[in-house]
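Shown here: protein.pdb, PDB, N, CA and C atoms, pLDDT in the B column.
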ATOM      1  N   MET A   9      52.578  35.460  30.633  1.00 83.00           N
ATOM      2  CA  MET A   9      52.259  35.198  29.248  1.00 83.00           C
ATOM      3  C   MET A   9      51.258  34.061  29.121  1.00 83.00           C
ATOM      4  N   VAL A  10      51.371  33.060  29.941  1.00 84.00           N
ATOM      5  CA  VAL A  10      50.468  31.916  29.874  1.00 84.00           C
ATOM      6  C   VAL A  10      49.378  32.098  30.915  1.00 84.00           C
ATOM      7  N   LYS A  11      48.134  32.133  30.448  1.00 90.00           N
ATOM      8  CA  LYS A  11      47.018  32.354  31.359  1.00 90.00           C
ATOM      9  C   LYS A  11      46.689  31.089  32.148  1.00 90.00           C
ATOM     10  N   ASP A  12      46.601  29.965  31.462  1.00 92.00           N
ATOM     11  CA  ASP A  12      46.261  28.699  32.107  1.00 92.00           C
ATOM     12  C   ASP A  12      47.206  27.609  31.634  1.00 92.00           C
ATOM     13  N   VAL A  13      47.528  26.708  32.536  1.00 92.00           N
ATOM     14  CA  VAL A  13      48.273  25.510  32.189  1.00 92.00           C
ATOM     15  C   VAL A  13      47.313  24.342  32.333  1.00 92.00           C
ATOM     16  N   VAL A  14      47.199  23.555  31.272  1.00 92.00           N
ATOM     17  CA  VAL A  14      46.307  22.405  31.291  1.00 92.00           C
ATOM     18  C   VAL A  14      47.162  21.156  31.447  1.00 92.00           C
ATOM     19  N   PRO A  15      47.090  20.519  32.602  1.00 95.00           N
ATOM     20  CA  PRO A  15      47.906  19.324  32.806  1.00 95.00           C
ATOM     21  C   PRO A  15      47.379  18.142  31.994  1.00 95.00           C
ATOM     22  N   VAL A  16      48.304  17.376  31.446  1.00 97.00           N
ATOM     23  CA  VAL A  16      47.975  16.127  30.758  1.00 97.00           C
ATOM     24  C   VAL A  16      48.848  15.029  31.335  1.00 97.00           C
ATOM     25  N   SER A  17      48.552  13.810  30.946  1.00 97.00           N
ATOM     26  CA  SER A  17      49.205  12.670  31.582  1.00 97.00           C
ATOM     27  C   SER A  17      50.654  12.450  31.157  1.00 97.00           C
ATOM     28  N   SER A  18      51.058  13.010  30.012  1.00 97.00           N
ATOM     29  CA  SER A  18      52.422  12.770  29.542  1.00 97.00           C
ATOM     30  C   SER A  18      52.830  13.793  28.498  1.00 97.00           C
ATOM     31  N   THR A  19      54.134  13.825  28.217  1.00 96.00           N
ATOM     32  CA  THR A  19      54.615  14.698  27.148  1.00 96.00           C
ATOM     33  C   THR A  19      54.121  14.200  25.790  1.00 96.00           C
ATOM     34  N   ARG A  20      53.890  12.899  25.678  1.00 97.00           N
ATOM     35  CA  ARG A  20      53.350  12.352  24.421  1.00 97.00           C
ATOM     36  C   ARG A  20      51.960  12.912  24.144  1.00 97.00           C
ATOM     37  N   VAL A  21      51.144  12.995  25.183  1.00 97.00           N
ATOM     38  CA  VAL A  21      49.809  13.575  25.017  1.00 97.00           C
ATOM     39  C   VAL A  21      49.927  15.053  24.652  1.00 97.00           C
ATOM     40  N   ALA A  22      50.834  15.772  25.304  1.00 96.00           N
ATOM     41  CA  ALA A  22      51.033  17.197  25.003  1.00 96.00           C
ATOM     42  C   ALA A  22      51.467  17.390  23.551  1.00 96.00           C
ATOM     43  N   GLU A  23      52.383  16.578  23.081  1.00 97.00           N
ATOM     44  CA  GLU A  23      52.849  16.679  21.694  1.00 97.00           C
ATOM     45  C   GLU A  23      51.748  16.289  20.717  1.00 97.00           C
ATOM     46  N   ALA A  24      50.959  15.270  21.056  1.00 97.00           N
ATOM     47  CA  ALA A  24      49.843  14.869  20.195  1.00 97.00           C
ATOM     48  C   ALA A  24      48.813  15.990  20.107  1.00 97.00           C
ATOM     49  N   CYS A  25      48.612  16.690  21.209  1.00 96.00           N
ATOM     50  CA  CYS A  25      47.709  17.833  21.224  1.00 96.00           C
ATOM     51  C   CYS A  25      48.198  18.904  20.254  1.00 96.00           C
ATOM     52  N   LYS A  26      49.477  19.184  20.279  1.00 95.00           N
ATOM     53  CA  LYS A  26      50.042  20.195  19.379  1.00 95.00           C
ATOM     54  C   LYS A  26      49.899  19.760  17.922  1.00 95.00           C
ATOM     55  N   ILE A  27      50.102  18.487  17.637  1.00 96.00           N
ATOM     56  CA  ILE A  27      49.914  17.971  16.278  1.00 96.00           C
ATOM     57  C   ILE A  27      48.464  18.170  15.838  1.00 96.00           C
ATOM     58  N   LEU A  28      47.525  17.881  16.719  1.00 96.00           N
ATOM     59  CA  LEU A  28      46.107  18.053  16.406  1.00 96.00           C
ATOM     60  C   LEU A  28      45.788  19.520  16.127  1.00 96.00           C
ATOM     61  N   GLU A  29      46.276  20.417  16.980  1.00 94.00           N
ATOM     62  CA  GLU A  29      46.037  21.853  16.786  1.00 94.00           C
ATOM     63  C   GLU A  29      46.617  22.340  15.458  1.00 94.00           C
ATOM     64  N   ASN A  30      47.853  21.951  15.158  1.00 93.00           N
ATOM     65  CA  ASN A  30      48.506  22.393  13.926  1.00 93.00           C
ATOM     66  C   ASN A  30      47.820  21.822  12.686  1.00 93.00           C
ATOM     67  N   THR A  31      47.388  20.570  12.773  1.00 94.00           N
ATOM     68  CA  THR A  31      46.693  19.937  11.654  1.00 94.00           C
ATOM     69  C   THR A  31      45.354  20.615  11.397  1.00 94.00           C
ATOM     70  N   TYR A  32      44.622  20.897  12.465  1.00 94.00           N
ATOM     71  CA  TYR A  32      43.339  21.595  12.359  1.00 94.00           C
ATOM     72  C   TYR A  32      43.519  22.920  11.627  1.00 94.00           C
ATOM     73  N   ARG A  33      44.507  23.675  12.045  1.00 91.00           N
ATOM     74  CA  ARG A  33      44.774  24.979  11.439  1.00 91.00           C
ATOM     75  C   ARG A  33      45.203  24.833   9.981  1.00 91.00           C
ATOM     76  N   ALA A  34      46.120  23.924   9.698  1.00 91.00           N
ATOM     77  CA  ALA A  34      46.643  23.745   8.344  1.00 91.00           C
ATOM     78  C   ALA A  34      45.546  23.310   7.374  1.00 91.00           C
ATOM     79  N   VAL A  35      44.721  22.372   7.800  1.00 93.00           N
ATOM     80  CA  VAL A  35      43.641  21.880   6.937  1.00 93.00           C
ATOM     81  C   VAL A  35      42.660  23.005   6.631  1.00 93.00           C
ATOM     82  N   ASN A  36      42.300  23.775   7.634  1.00 93.00           N
ATOM     83  CA  ASN A  36      41.327  24.844   7.419  1.00 93.00           C
ATOM     84  C   ASN A  36      41.884  25.991   6.582  1.00 93.00           C
ATOM     85  N   ILE A  37      43.152  26.325   6.749  1.00 92.00           N
ATOM     86  CA  ILE A  37      43.753  27.361   5.903  1.00 92.00           C
ATOM     87  C   ILE A  37      43.868  26.853   4.469  1.00 92.00           C
ATOM     88  N   ALA A  38      44.247  25.599   4.290  1.00 92.00           N
ATOM     89  CA  ALA A  38      44.317  25.032   2.942  1.00 92.00           C
ATOM     90  C   ALA A  38      42.937  25.050   2.288  1.00 92.00           C
ATOM     91  N   LEU A  39      41.908  24.724   3.053  1.00 94.00           N
ATOM     92  CA  LEU A  39      40.551  24.737   2.524  1.00 94.00           C
ATOM     93  C   LEU A  39      40.146  26.146   2.093  1.00 94.00           C
ATOM     94  N   VAL A  40      40.368  27.134   2.939  1.00 95.00           N
ATOM     95  CA  VAL A  40      39.962  28.496   2.584  1.00 95.00           C
ATOM     96  C   VAL A  40      40.793  29.029   1.413  1.00 95.00           C
ATOM     97  N   ASN A  41      42.036  28.609   1.285  1.00 94.00           N
ATOM     98  CA  ASN A  41      42.835  28.988   0.117  1.00 94.00           C
ATOM     99  C   ASN A  41      42.204  28.435  -1.164  1.00 94.00           C
ATOM    100  N   GLU A  42      41.753  27.189  -1.121  1.00 94.00           N
ATOM    101  CA  GLU A  42      41.107  26.592  -2.285  1.00 94.00           C
ATOM    102  C   GLU A  42      39.765  27.253  -2.569  1.00 94.00           C
ATOM    103  N   LEU A  43      39.005  27.545  -1.527  1.00 95.00           N
ATOM    104  CA  LEU A  43      37.721  28.220  -1.720  1.00 95.00           C
ATOM    105  C   LEU A  43      37.904  29.606  -2.317  1.00 95.00           C
ATOM    106  N   LYS A  44      38.984  30.289  -1.934  1.00 94.00           N
ATOM    107  CA  LYS A  44      39.252  31.611  -2.510  1.00 94.00           C
ATOM    108  C   LYS A  44      39.403  31.509  -4.017  1.00 94.00           C
ATOM    109  N   VAL A  45      40.092  30.502  -4.499  1.00 94.00           N
ATOM    110  CA  VAL A  45      40.263  30.309  -5.939  1.00 94.00           C
ATOM    111  C   VAL A  45      38.901  30.100  -6.605  1.00 94.00           C
ATOM    112  N   VAL A  46      38.085  29.251  -5.997  1.00 96.00           N
ATOM    113  CA  VAL A  46      36.746  28.975  -6.545  1.00 96.00           C
ATOM    114  C   VAL A  46      35.888  30.234  -6.519  1.00 96.00           C
ATOM    115  N   PHE A  47      35.879  30.924  -5.380  1.00 96.00           N
ATOM    116  CA  PHE A  47      35.069  32.131  -5.258  1.00 96.00           C
ATOM    117  C   PHE A  47      35.538  33.219  -6.225  1.00 96.00           C
ATOM    118  N   ASP A  48      36.853  33.368  -6.387  1.00 95.00           N
ATOM    119  CA  ASP A  48      37.373  34.338  -7.351  1.00 95.00           C
ATOM    120  C   ASP A  48      36.835  34.041  -8.753  1.00 95.00           C
ATOM    121  N   ALA A  49      36.841  32.759  -9.132  1.00 96.00           N
ATOM    122  CA  ALA A  49      36.342  32.365 -10.454  1.00 96.00           C
ATOM    123  C   ALA A  49      34.850  32.655 -10.601  1.00 96.00           C
ATOM    124  N   MET A  50      34.140  32.672  -9.481  1.00 97.00           N
ATOM    125  CA  MET A  50      32.698  32.945  -9.492  1.00 97.00           C
ATOM    126  C   MET A  50      32.383  34.427  -9.308  1.00 97.00           C
ATOM    127  N   GLY A  51      33.415  35.248  -9.115  1.00 97.00           N
ATOM    128  CA  GLY A  51      33.205  36.665  -8.895  1.00 97.00           C
ATOM    129  C   GLY A  51      32.707  36.988  -7.495  1.00 97.00           C
ATOM    130  N   ILE A  52      33.019  36.140  -6.533  1.00 97.00           N
ATOM    131  CA  ILE A  52      32.591  36.320  -5.142  1.00 97.00           C
ATOM    132  C   ILE A  52      33.784  36.742  -4.307  1.00 97.00           C
ATOM    133  N   ASP A  53      33.616  37.753  -3.481  1.00 96.00           N
ATOM    134  CA  ASP A  53      34.679  38.252  -2.601  1.00 96.00           C
ATOM    135  C   ASP A  53      34.792  37.352  -1.371  1.00 96.00           C
ATOM    136  N   VAL A  54      35.885  36.617  -1.270  1.00 96.00           N
ATOM    137  CA  VAL A  54      36.062  35.679  -0.158  1.00 96.00           C
ATOM    138  C   VAL A  54      36.073  36.397   1.187  1.00 96.00           C
ATOM    139  N   TRP A  55      36.604  37.627   1.226  1.00 95.00           N
ATOM    140  CA  TRP A  55      36.654  38.384   2.481  1.00 95.00           C
ATOM    141  C   TRP A  55      35.239  38.730   2.952  1.00 95.00           C
ATOM    142  N   GLU A  56      34.348  39.056   2.005  1.00 97.00           N
ATOM    143  CA  GLU A  56      32.957  39.329   2.361  1.00 97.00           C
ATOM    144  C   GLU A  56      32.277  38.063   2.878  1.00 97.00           C
ATOM    145  N   VAL A  57      32.564  36.929   2.243  1.00 97.00           N
ATOM    146  CA  VAL A  57      32.000  35.650   2.674  1.00 97.00           C
ATOM    147  C   VAL A  57      32.432  35.330   4.102  1.00 97.00           C
ATOM    148  N   ILE A  58      33.716  35.492   4.382  1.00 96.00           N
ATOM    149  CA  ILE A  58      34.237  35.212   5.723  1.00 96.00           C
ATOM    150  C   ILE A  58      33.621  36.155   6.744  1.00 96.00           C
ATOM    151  N   ALA A  59      33.542  37.435   6.406  1.00 96.00           N
ATOM    152  CA  ALA A  59      32.952  38.414   7.329  1.00 96.00           C
ATOM    153  C   ALA A  59      31.502  38.055   7.649  1.00 96.00           C
ATOM    154  N   ALA A  60      30.753  37.635   6.647  1.00 97.00           N
ATOM    155  CA  ALA A  60      29.361  37.245   6.881  1.00 97.00           C
ATOM    156  C   ALA A  60      29.280  35.979   7.730  1.00 97.00           C
ATOM    157  N   ALA A  61      30.135  35.014   7.444  1.00 96.00           N
ATOM    158  CA  ALA A  61      30.122  33.761   8.203  1.00 96.00           C
ATOM    159  C   ALA A  61      30.497  33.987   9.666  1.00 96.00           C
ATOM    160  N   LYS A  62      31.368  34.979   9.918  1.00 95.00           N
ATOM    161  CA  LYS A  62      31.791  35.279  11.295  1.00 95.00           C
ATOM    162  C   LYS A  62      30.647  35.820  12.159  1.00 95.00           C
ATOM    163  N   THR A  63      29.558  36.245  11.536  1.00 96.00           N
ATOM    164  CA  THR A  63      28.441  36.781  12.324  1.00 96.00           C
ATOM    165  C   THR A  63      27.670  35.679  13.034  1.00 96.00           C
ATOM    166  N   LYS A  64      27.894  34.434  12.652  1.00 93.00           N
ATOM    167  CA  LYS A  64      27.239  33.313  13.329  1.00 93.00           C
ATOM    168  C   LYS A  64      27.816  33.223  14.739  1.00 93.00           C
ATOM    169  N   PRO A  65      26.959  33.188  15.768  1.00 90.00           N
ATOM    170  CA  PRO A  65      27.465  33.246  17.145  1.00 90.00           C
ATOM    171  C   PRO A  65      28.099  31.947  17.653  1.00 90.00           C
ATOM    172  N   PHE A  66      28.036  30.879  16.868  1.00 92.00           N
ATOM    173  CA  PHE A  66      28.623  29.611  17.319  1.00 92.00           C
ATOM    174  C   PHE A  66      28.955  28.745  16.106  1.00 92.00           C
ATOM    175  N   GLY A  67      29.849  27.794  16.279  1.00 90.00           N
ATOM    176  CA  GLY A  67      30.103  26.790  15.255  1.00 90.00           C
ATOM    177  C   GLY A  67      30.945  27.228  14.070  1.00 90.00           C
ATOM    178  N   PHE A  68      31.514  28.429  14.111  1.00 92.00           N
ATOM    179  CA  PHE A  68      32.361  28.870  13.009  1.00 92.00           C
ATOM    180  C   PHE A  68      33.588  29.561  13.559  1.00 92.00           C
ATOM    181  N   GLN A  69      34.746  29.186  13.037  1.00 92.00           N
ATOM    182  CA  GLN A  69      35.982  29.888  13.358  1.00 92.00           C
ATOM    183  C   GLN A  69      36.570  30.362  12.038  1.00 92.00           C
ATOM    184  N   ALA A  70      36.835  31.640  11.954  1.00 93.00           N
ATOM    185  CA  ALA A  70      37.340  32.213  10.708  1.00 93.00           C
ATOM    186  C   ALA A  70      38.789  31.813  10.462  1.00 93.00           C
ATOM    187  N   PHE A  71      39.051  31.408   9.238  1.00 92.00           N
ATOM    188  CA  PHE A  71      40.400  31.207   8.727  1.00 92.00           C
ATOM    189  C   PHE A  71      40.496  32.053   7.479  1.00 92.00           C
ATOM    190  N   TYR A  72      41.692  32.574   7.213  1.00 91.00           N
ATOM    191  CA  TYR A  72      41.866  33.527   6.132  1.00 91.00           C
ATOM    192  C   TYR A  72      42.853  33.000   5.105  1.00 91.00           C
ATOM    193  N   PRO A  73      42.569  33.247   3.821  1.00 90.00           N
ATOM    194  CA  PRO A  73      43.518  32.811   2.794  1.00 90.00           C
ATOM    195  C   PRO A  73      44.820  33.586   2.898  1.00 90.00           C
ATOM    196  N   GLY A  74      45.877  32.936   2.516  1.00 83.00           N
ATOM    197  CA  GLY A  74      47.186  33.564   2.545  1.00 83.00           C
ATOM    198  C   GLY A  74      48.185  32.716   1.806  1.00 83.00           C
ATOM    199  N   PRO A  75      49.423  33.118   1.820  1.00 79.00           N
ATOM    200  CA  PRO A  75      50.449  32.360   1.107  1.00 79.00           C
ATOM    201  C   PRO A  75      50.703  31.016   1.771  1.00 79.00           C
ATOM    202  N   GLY A  76      50.520  29.954   1.047  1.00 68.00           N
ATOM    203  CA  GLY A  76      50.731  28.616   1.591  1.00 68.00           C
ATOM    204  C   GLY A  76      49.825  28.362   2.772  1.00 68.00           C
ATOM    205  N   LEU A  77      50.353  27.694   3.777  1.00 63.00           N
ATOM    206  CA  LEU A  77      49.577  27.414   4.980  1.00 63.00           C
ATOM    207  C   LEU A  77      49.932  28.369   6.099  1.00 63.00           C
ATOM    208  N   GLY A  78      50.660  29.427   5.781  1.00 50.00           N
ATOM    209  CA  GLY A  78      51.069  30.368   6.807  1.00 50.00           C
ATOM    210  C   GLY A  78      49.972  31.316   7.256  1.00 50.00           C
ATOM    211  N   GLY A  79      48.883  31.374   6.509  1.00 48.00           N
ATOM    212  CA  GLY A  79      47.801  32.271   6.870  1.00 48.00           C
ATOM    213  C   GLY A  79      48.019  33.668   6.304  1.00 48.00           C
ATOM    214  N   ALA A  80      47.073  34.514   6.572  1.00 49.00           N
ATOM    215  CA  ALA A  80      47.106  35.866   6.025  1.00 49.00           C
ATOM    216  C   ALA A  80      48.144  36.717   6.739  1.00 49.00           C
ATOM    217  N   LEU A  81      48.898  37.499   5.983  1.00 46.00           N
ATOM    218  CA  LEU A  81      49.892  38.393   6.561  1.00 46.00           C
ATOM    219  C   LEU A  81      49.583  39.837   6.231  1.00 46.00           C
ATOM    220  N   HIS A  82      48.464  40.062   5.590  1.00 46.00           N
ATOM    221  CA  HIS A  82      48.045  41.418   5.225  1.00 46.00           C
ATOM    222  C   HIS A  82      47.678  42.169   6.497  1.00 46.00           C
ATOM    223  N   PRO A  83      48.137  43.420   6.670  1.00 45.00           N
ATOM    224  CA  PRO A  83      47.880  44.136   7.923  1.00 45.00           C
ATOM    225  C   PRO A  83      46.404  44.370   8.226  1.00 45.00           C
ATOM    226  N   ASP A  84      45.552  44.379   7.206  1.00 50.00           N
ATOM    227  CA  ASP A  84      44.117  44.571   7.425  1.00 50.00           C
ATOM    228  C   ASP A  84      43.372  43.257   7.634  1.00 50.00           C
ATOM    229  N   ARG A  85      44.058  42.167   7.525  1.00 53.00           N
ATOM    230  CA  ARG A  85      43.430  40.855   7.676  1.00 53.00           C
ATOM    231  C   ARG A  85      44.057  40.139   8.870  1.00 53.00           C
ATOM    232  N   PRO A  86      43.259  39.738   9.869  1.00 50.00           N
ATOM    233  CA  PRO A  86      43.838  39.054  11.028  1.00 50.00           C
ATOM    234  C   PRO A  86      44.384  37.675  10.655  1.00 50.00           C
ATOM    235  N   VAL A  87      45.383  37.256  11.373  1.00 47.00           N
ATOM    236  CA  VAL A  87      45.978  35.940  11.178  1.00 47.00           C
ATOM    237  C   VAL A  87      45.113  34.930  11.910  1.00 47.00           C
ATOM    238  N   SER A  88      44.884  33.770  11.288  1.00 46.00           N
ATOM    239  CA  SER A  88      44.124  32.703  11.935  1.00 46.00           C
ATOM    240  C   SER A  88      44.864  32.223  13.161  1.00 46.00           C
ATOM    241  N   THR A  89      44.094  31.895  14.190  1.00 42.00           N
ATOM    242  CA  THR A  89      44.710  31.369  15.412  1.00 42.00           C
ATOM    243  C   THR A  89      44.092  30.054  15.787  1.00 42.00           C
TER
END
Is it possible to express this structure as structure tokens?
Amino acid sequence: MVKDVVPVSSTRVAEACKILENTYRAVNIALVNELKVVFDAMGIDVWEVIAAAKTKPFGFQAFYPGPGLGGALHPDRPVST
């Protein structure tokens, strides 16, 4: 199940890494949730915006709006990772 194990100096560093990963994801999902509200008010399809942004070959990671910070659960929409 695990492809690579990345050794770190302590369990504290490992836990801090997990906090950083979770915070990164939560902040970006919260941001896209807020942008969806703004885009909806402007008559812009957030899914089309995300699809277009994903065509950039670098510097963008797609996050999808969904309930709370849990991410998208719609079967046609991938969950942010």
*At what distance in Å, to one decimal, does atom N of Trp55 (chain A) lie from atom C of Tyr32 (chain A)?*
19.3 Å
*Please measure the separation of CA of Phe66 (chain A) and CA of Arg33 (chain A), giving the value in Å to one decimal.*
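Those two atoms sit 17.8 Å apart.
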*asked:* Would you compute the distance between CA of Val40 (chain A) and atom N of Pro73 (chain A)? Give it in Å to one decimal.
replied: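 Separation between CA of Val40 (chain A) and atom N of Pro73 (chain A): 5.6 Å.
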*Output as a VMD selection string all residues of chain A that backbone DSSP marks as alpha helix (DSSP H).*
chain A and resid 19 to 50 54 to 61
*For Lys44 (chain A), list every protein, DNA or RNA residue within 8 Å, evaluated using only N, CA and C atoms, and leave out those in the same chain fewer than 6 positions away; present the list as a list in words.*
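Listed by chain and then number, they are Ala38, Met50, Ile52, Asp53, Val54, Trp55 and Pro73 of chain A.
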*So what does the PyMOL selection byres (((chain A and resi 69 and name CA) around 12) and name CA) actually pick up in this one, as a list of chain:residue names?*
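This file, filtered by the PyMOL selection byres (((chain A and resi 69 and name CA) around 12) and name CA), leaves A:Tyr32, A:Arg33, A:Asn36, A:Ile37, A:Val40, A:Ile58, A:Ala59, A:Ala60, A:Ala61, A:Lys62, A:Thr63, A:Lys64, A:Pro65, A:Phe66, A:Gly67, A:Phe68, A:Ala70, A:Phe71, A:Tyr72, A:Val87, A:Ser88, A:Thr89.
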